Every structure is written in C-alpha cells, then in structure tokens.
Amino acid sequence: MQPQAQSGTVGINQCPLCIMEIKGDDRVEGEVLTCDGCSAELEVVGVSPLRLAEAPEVEEDWGE
Amino acid sequence: MRKLDLVYTRLRTEERMLLDALRKRDCVVGLHQDADLVLSLDRKPWTDSQLVLMRSMSFTRSRYLAAMMEVKGSRVVNGSRAITTCGDKVQTTLALAASDLPLPWAFVGFEEDACVSEITRRGFPVVMKPVVGSWGRMVARLDSPSAAEGLLSMRFGTGSAQDHVALVQQYIDKPGHDLRVYVVGSAIGGIRRRSEHWITNTARGATAERYEVPASHAKLAEQAAAAVGGEIVAVDLLETRGGDILVNEVNHCVEFARSIEVSGIPIPEHIADYVLGVLS
C-alpha cells in the first residue's frame, strides 16, 4: 500500500485503508498508530503534511 | 541543557514513553529513524550529543549503527557488544556459559544427520531455535525422531549458509509460565509470563502477571546482563518443576508496552534516569 495523498489540512489525513480521519498533532516520522476505524497498524511517513501508510511487514531480524 | 540521540525503527508505544520520560526531565532528544541514517566509516563525530539510546529493533541495523557510533565517539546504550551478543542466541549462550550461569543444555550442529544423532542420544523432546530471531518465531519443539528429521531437513535444505546452523536446547517442562527480570543498571522488577502454550512470549499471546523478584533471581539477572555487557536488558528465566532457575535468553531492546500496566514498574522512567545518569 502506497502512502496516500495529503488532504487539505496539514495536520489531518485519512487512513489509507478505511479513510477514517486521523489527526496528526505531535506525530513523529516512523511512529506507529492504530486506526480507530479499521484497527489497521499505520506508520507516519510524513508530518508536514501528515502522511500515513500501512505499517510494513515485520522484518526477519526485528525483535527484542 | 542535556541532550541525547534516540535511534528507532518504528516509534512504538515504548519509544513514545521513553521520549516523554526524557523530555519530562528537560532532555533534548534527537530522533533518528534507523533507515534514514547513513554514516561514514571513520572517527568523525556524527552528532553533537554524547549519548545514544539505541532502540532500533533491527538486529542488523542496531549492531552496525552502535559499532559505527562508538568509533565516532558516542556512548551507546546498549552498546555494540551487548547487541551483537544478545542478537545471536549462540553468542548469548556462550557468554552466559563463560560466566558459569545455570542454563538449559544446548548444542550447535551444522548437518542434519549429526544433529538428529545427537538429539536421539540426548532424548526427546528438545527445542530448536533460529540463531537470530525474536518473539518466538520459528522456535520449534521436536517431540520425535520424525519431527526432528523433518525440521532439520528444512533447516539445512533452505536458506543460505548463515541459516544452516541448528541451535538445539534442552526442553524445560515449565510450570505454565516463565519469568522475566528487567535490568536497568540493576534489577528493577519483573513479570511472570503465563501461557497454556509452551512458548511464553507476550508477543505470542502470553499474559503478564506481577512478580516480586526475589534477591536470588535479581542477582542471577544482573549476572546475566553483565555476562553479555548489557545495561538495559530483559533477562528471561526458566523455572523447572523442581524449582531450579535457569537463564534462557537476554533481550537487548526491551519491550514493555504489553506488561507495564500489570507489572506497575515504571520502566521508561527507570531508563530515562539511567541514561541521564550516564550522561552526567
């Protein structure tokens, strides 16, 4: 899933999967959040303007 | 104004909590996503801060980044030695064994027949783990010779040369849970991870319970942390039905989001205090 286009408001965008509106206040690039609409795990890929993408699959060497 | 750099892969609940705890202490935090970092292989400083809190959850990226940053003059927590050791279960086991800590027996083999023969000699069941991996992924219990032959055939018949290593460990018949002790400089508390399944990772659905860490367990965890050179680690302990305590694994990129509410241990606050103590 590609990051979706920005909406008209810098700090607000939509979930790329269910178009639920998501606010971007105090977000950081790389931050992971869960969509309240569809429970998808999303990653913040841009903050000004806010851009969201479906969080990538876990890599083989990720962990504790 | 105190300043440090925080390196992360994804800013999860854990990193958010750490960021908040550090900022609450008037610390300026430089945030760096590991994928964005491109560092030269030399001694030139890469930052104007003195300390790096390494929270990359990629073993590959974190060990190289920590090593490069150390050469460039940064104090990295956890450092490259701890990451390199903890990220490789063979190296972890060797470090723990070198410190004479109580462990499940384990062996390493490089060929199917030799491994099946050794497992048969020692007796079933046994546990086979990938040398690099986390969250209980690809950990298998081998209950029979046919299961061992099948899984070892896959182990040695797929992947590349670096995957063709079988780490086989004693199966411990746990009393429905294992224990995790958090070490942040010293032992600060722990959780009991309970599951009907023999794999007791919270990432695999085990539930966390509060666990009052006795002094003997705290000491063992601190010894395990020292053995791998870890400052902020989670030490997993196995309790046998007979009451013996064995060190199973040491984790260098401690996760706590699923357990902090139950444990009541303010782990991010401890980590913030610890790293700022290192800075001062």
# chains A, B, ... in the order shown; residues from 1 in each chain; ligands from 1

call {"tool": "closest_atom_pairs", "arguments": {"of": "chain B", "to": "chain A", "cutoff": "9 Å", "atoms": "only C-alpha atoms", "output": "JSON lines"}}
result
{"residue": "B:Tyr8", "atom": "CA", "partner": "A:Gly30", "partner_atom": "CA", "distance": 8.2}
{"residue": "B:Thr9", "atom": "CA", "partner": "A:Gly30", "partner_atom": "CA", "distance": 7.0}
{"residue": "B:Arg10", "atom": "CA", "partner": "A:Gly30", "partner_atom": "CA", "distance": 4.8}
{"residue": "B:Leu11", "atom": "CA", "partner": "A:Glu31", "partner_atom": "CA", "distance": 4.0}
{"residue": "B:Arg12", "atom": "CA", "partner": "A:Val32", "partner_atom": "CA", "distance": 5.5}
{"residue": "B:Thr13", "atom": "CA", "partner": "A:Val32", "partner_atom": "CA", "distance": 7.9}
{"residue": "B:Glu15", "atom": "CA", "partner": "A:Glu31", "partner_atom": "CA", "distance": 8.9}
{"residue": "B:Arg16", "atom": "CA", "partner": "A:Glu31", "partner_atom": "CA", "distance": 8.3}
{"residue": "B:Leu31", "atom": "CA", "partner": "A:Val28", "partner_atom": "CA", "distance": 8.7}
{"residue": "B:Gln33", "atom": "CA", "partner": "A:Gly30", "partner_atom": "CA", "distance": 6.7}
{"residue": "B:Ser56", "atom": "CA", "partner": "A:Trp62", "partner_atom": "CA", "distance": 8.5}
{"residue": "B:Met57", "atom": "CA", "partner": "A:Trp62", "partner_atom": "CA", "distance": 5.1}
{"residue": "B:Ser58", "atom": "CA", "partner": "A:Trp62", "partner_atom": "CA", "distance": 4.4}
{"residue": "B:Phe59", "atom": "CA", "partner": "A:Asp61", "partner_atom": "CA", "distance": 5.5}
{"residue": "B:Thr60", "atom": "CA", "partner": "A:Asp61", "partner_atom": "CA", "distance": 6.8}
{"residue": "B:Gly87", "atom": "CA", "partner": "A:Glu64", "partner_atom": "CA", "distance": 8.3}
{"residue": "B:Val132", "atom": "CA", "partner": "A:Asp61", "partner_atom": "CA", "distance": 6.8}
{"residue": "B:Gly133", "atom": "CA", "partner": "A:Asp61", "partner_atom": "CA", "distance": 5.8}
{"residue": "B:Ser134", "atom": "CA", "partner": "A:Gly63", "partner_atom": "CA", "distance": 4.8}
{"residue": "B:Trp135", "atom": "CA", "partner": "A:Gly63", "partner_atom": "CA", "distance": 6.2}
{"residue": "B:Ala234", "atom": "CA", "partner": "A:Glu64", "partner_atom": "CA", "distance": 8.8}
{"residue": "B:Val250", "atom": "CA", "partner": "A:Glu64", "partner_atom": "CA", "distance": 9.0}
{"residue": "B:Asn251", "atom": "CA", "partner": "A:Glu64", "partner_atom": "CA", "distance": 5.4}
{"residue": "B:His252", "atom": "CA", "partner": "A:Glu64", "partner_atom": "CA", "distance": 6.0}
{"residue": "B:Cys253", "atom": "CA", "partner": "A:Glu64", "partner_atom": "CA", "distance": 4.5}
{"residue": "B:Val254", "atom": "CA", "partner": "A:Glu64", "partner_atom": "CA", "distance": 5.6}
{"residue": "B:Glu255", "atom": "CA", "partner": "A:Glu64", "partner_atom": "CA", "distance": 6.5}

call {"tool": "write_last_selection", "arguments": {"atoms": "C-alpha atoms", "output": "CSV table (one decimal), in the first residue's frame"}}
result
chain,number,residue,atom,x,y,z
B,8,TYR,CA,14.5,3.8,16.5
B,9,THR,CA,13.0,1.6,13.7
B,10,ARG,CA,9.4,2.4,14.4
B,11,LEU,CA,8.2,4.8,17.1
B,12,ARG,CA,6.1,2.3,19.1
B,13,THR,CA,4.4,2.8,22.4
B,15,GLU,CA,9.7,4.7,22.3
B,16,ARG,CA,6.9,7.2,22.8
B,31,LEU,CA,15.2,11.4,16.9
B,33,GLN,CA,14.9,6.6,12.3
B,56,SER,CA,16.4,0.1,16.8
B,57,MET,CA,14.5,-3.2,16.8
B,58,SER,CA,16.5,-4.4,13.8
B,59,PHE,CA,19.4,-6.6,14.9
B,60,THR,CA,21.3,-5.9,11.6
B,87,GLY,CA,21.1,-10.8,19.0
B,132,VAL,CA,18.8,-14.9,15.1
B,133,GLY,CA,15.2,-14.2,15.7
B,134,SER,CA,12.8,-13.0,18.3
B,135,TRP,CA,9.2,-13.1,19.5
B,234,ALA,CA,15.3,-8.2,29.9
B,250,VAL,CA,18.8,-11.9,27.3
B,251,ASN,CA,17.0,-9.3,25.3
B,252,HIS,CA,18.7,-6.0,24.4
B,253,CYS,CA,15.8,-4.0,23.0
B,254,VAL,CA,13.4,-4.3,25.9
B,255,GLU,CA,9.7,-4.2,25.1

call {"tool": "residues_around", "arguments": {"residues": "B:Val213", "least_positions_apart": "6", "cutoff": "9 Å", "atoms": "only C-alpha atoms", "output": "list in words"}}
result
Val181, Ala187, Ile188, Gly189, Gly190 and Ile191 of chain B

call {"tool": "atom_distance", "arguments": {"atom1": "atom CA of B:Ala226", "atom2": "atom CA of B:Gly277"}}
result
18.3 Å

call {"tool": "closest_residue", "arguments": {"among": "B:Val275, B:Val29, B:Ile172, B:Ala95", "to": "B:Leu238", "atoms": "only C-alpha atoms"}}
result
B:Ile172

call {"tool": "select_by_dssp", "arguments": {"residues": "chain A", "states": "strand (DSSP E)", "output": "JSON, numbers by chain"}}
result
{"A": [12, 13, 14, 21, 22, 23, 32, 33, 34, 41, 42, 43, 44, 45, 46, 47, 50, 51, 52, 53, 54]}

call {"tool": "select_by_dssp", "arguments": {"residues": "stretch 48-253 of chain B", "states": "helix (DSSP H, G or I)", "output": "number ranges by chain"}}
result
B: 59-71, 80-86, 89-98, 112-122, 145-157, 161-163, 202-204, 215-228

call {"tool": "atom_distance", "arguments": {"atom1": "atom CA of B:Val90", "atom2": "atom CA of B:Ser74"}}
result
27.5 Å

call {"tool": "residues_around", "arguments": {"residues": "B:Ile245", "least_positions_apart": "3", "cutoff": "10 Å", "atoms": "only C-alpha atoms", "output": "PyMOL selection string"}}
result
chain B and resi 102-104+178-179+216-217+220+237-242+248

call {"tool": "write_last_selection", "arguments": {"atoms": "C-alpha atoms", "output": "PDB file, in the first residue's frame"}}
result
ATOM      1  CA  PRO B 102      22.875 -22.003  35.160  1.00  0.00           C
ATOM      2  CA  LEU B 103      21.497 -22.760  31.674  1.00  0.00           C
ATOM      3  CA  PRO B 104      19.487 -25.397  29.865  1.00  0.00           C
ATOM      4  CA  ASP B 178       8.435 -18.247  32.706  1.00  0.00           C
ATOM      5  CA  LEU B 179       9.955 -15.244  34.429  1.00  0.00           C
ATOM      6  CA  SER B 216      18.444 -14.627  44.140  1.00  0.00           C
ATOM      7  CA  HIS B 217      16.637 -14.060  40.806  1.00  0.00           C
ATOM      8  CA  LEU B 220      21.126 -14.001  38.526  1.00  0.00           C
ATOM      9  CA  LEU B 237      14.456 -17.134  33.354  1.00  0.00           C
ATOM     10  CA  LEU B 238      13.041 -20.656  33.214  1.00  0.00           C
ATOM     11  CA  GLU B 239      11.795 -22.322  36.336  1.00  0.00           C
ATOM     12  CA  THR B 240      11.899 -26.091  36.382  1.00  0.00           C
ATOM     13  CA  ARG B 241       9.271 -28.217  38.110  1.00  0.00           C
ATOM     14  CA  GLY B 242      11.978 -28.948  40.661  1.00  0.00           C
ATOM     15  CA  ASN B 248      17.184 -18.744  28.946  1.00  0.00           C
TER      16      ASN B 248
END

call {"tool": "atom_distance", "arguments": {"atom1": "atom CA of B:Glu249", "atom2": "atom CA of B:Asp236"}}
result
5.2 Å

call {"tool": "closest_residue", "arguments": {"among": "B:Val52, B:Val131, B:Ala257, B:Val116", "to": "B:Ser144", "atoms": "only C-alpha atoms"}}
result
B:Val116

call {"tool": "residues_around", "arguments": {"residues": "stretch 127-130 of chain B", "least_positions_apart": "3", "cutoff": "8 Å", "atoms": "only C-alpha atoms", "output": "PDB file with C-alpha atoms, in the first residue's frame"}}
result
ATOM      1  CA  LYS B  89      21.492 -16.906  20.588  1.00  0.00           C
ATOM      2  CA  GLY B 133      15.213 -14.209  15.726  1.00  0.00           C
ATOM      3  CA  MET B 138      10.459 -20.333  14.217  1.00  0.00           C
ATOM      4  CA  VAL B 139      11.045 -21.837  17.642  1.00  0.00           C
ATOM      5  CA  ALA B 140      10.009 -25.482  17.488  1.00  0.00           C
ATOM      6  CA  ARG B 141       9.623 -28.309  19.956  1.00  0.00           C
ATOM      7  CA  LEU B 142      10.824 -31.608  18.495  1.00  0.00           C
ATOM      8  CA  ASP B 163      20.937 -20.186   8.156  1.00  0.00           C
ATOM      9  CA  VAL B 165      23.092 -23.706  11.889  1.00  0.00           C
ATOM     10  CA  ALA B 166      20.914 -25.723  14.263  1.00  0.00           C
ATOM     11  CA  LEU B 167      20.736 -24.445  17.816  1.00  0.00           C
ATOM     12  CA  VAL B 168      19.179 -27.202  19.899  1.00  0.00           C
ATOM     13  CA  GLN B 169      18.276 -26.627  23.513  1.00  0.00           C
ATOM     14  CA  GLN B 170      17.015 -28.721  26.387  1.00  0.00           C
ATOM     15  CA  TYR B 171      13.229 -28.630  26.674  1.00  0.00           C
TER      16      TYR B 171
END
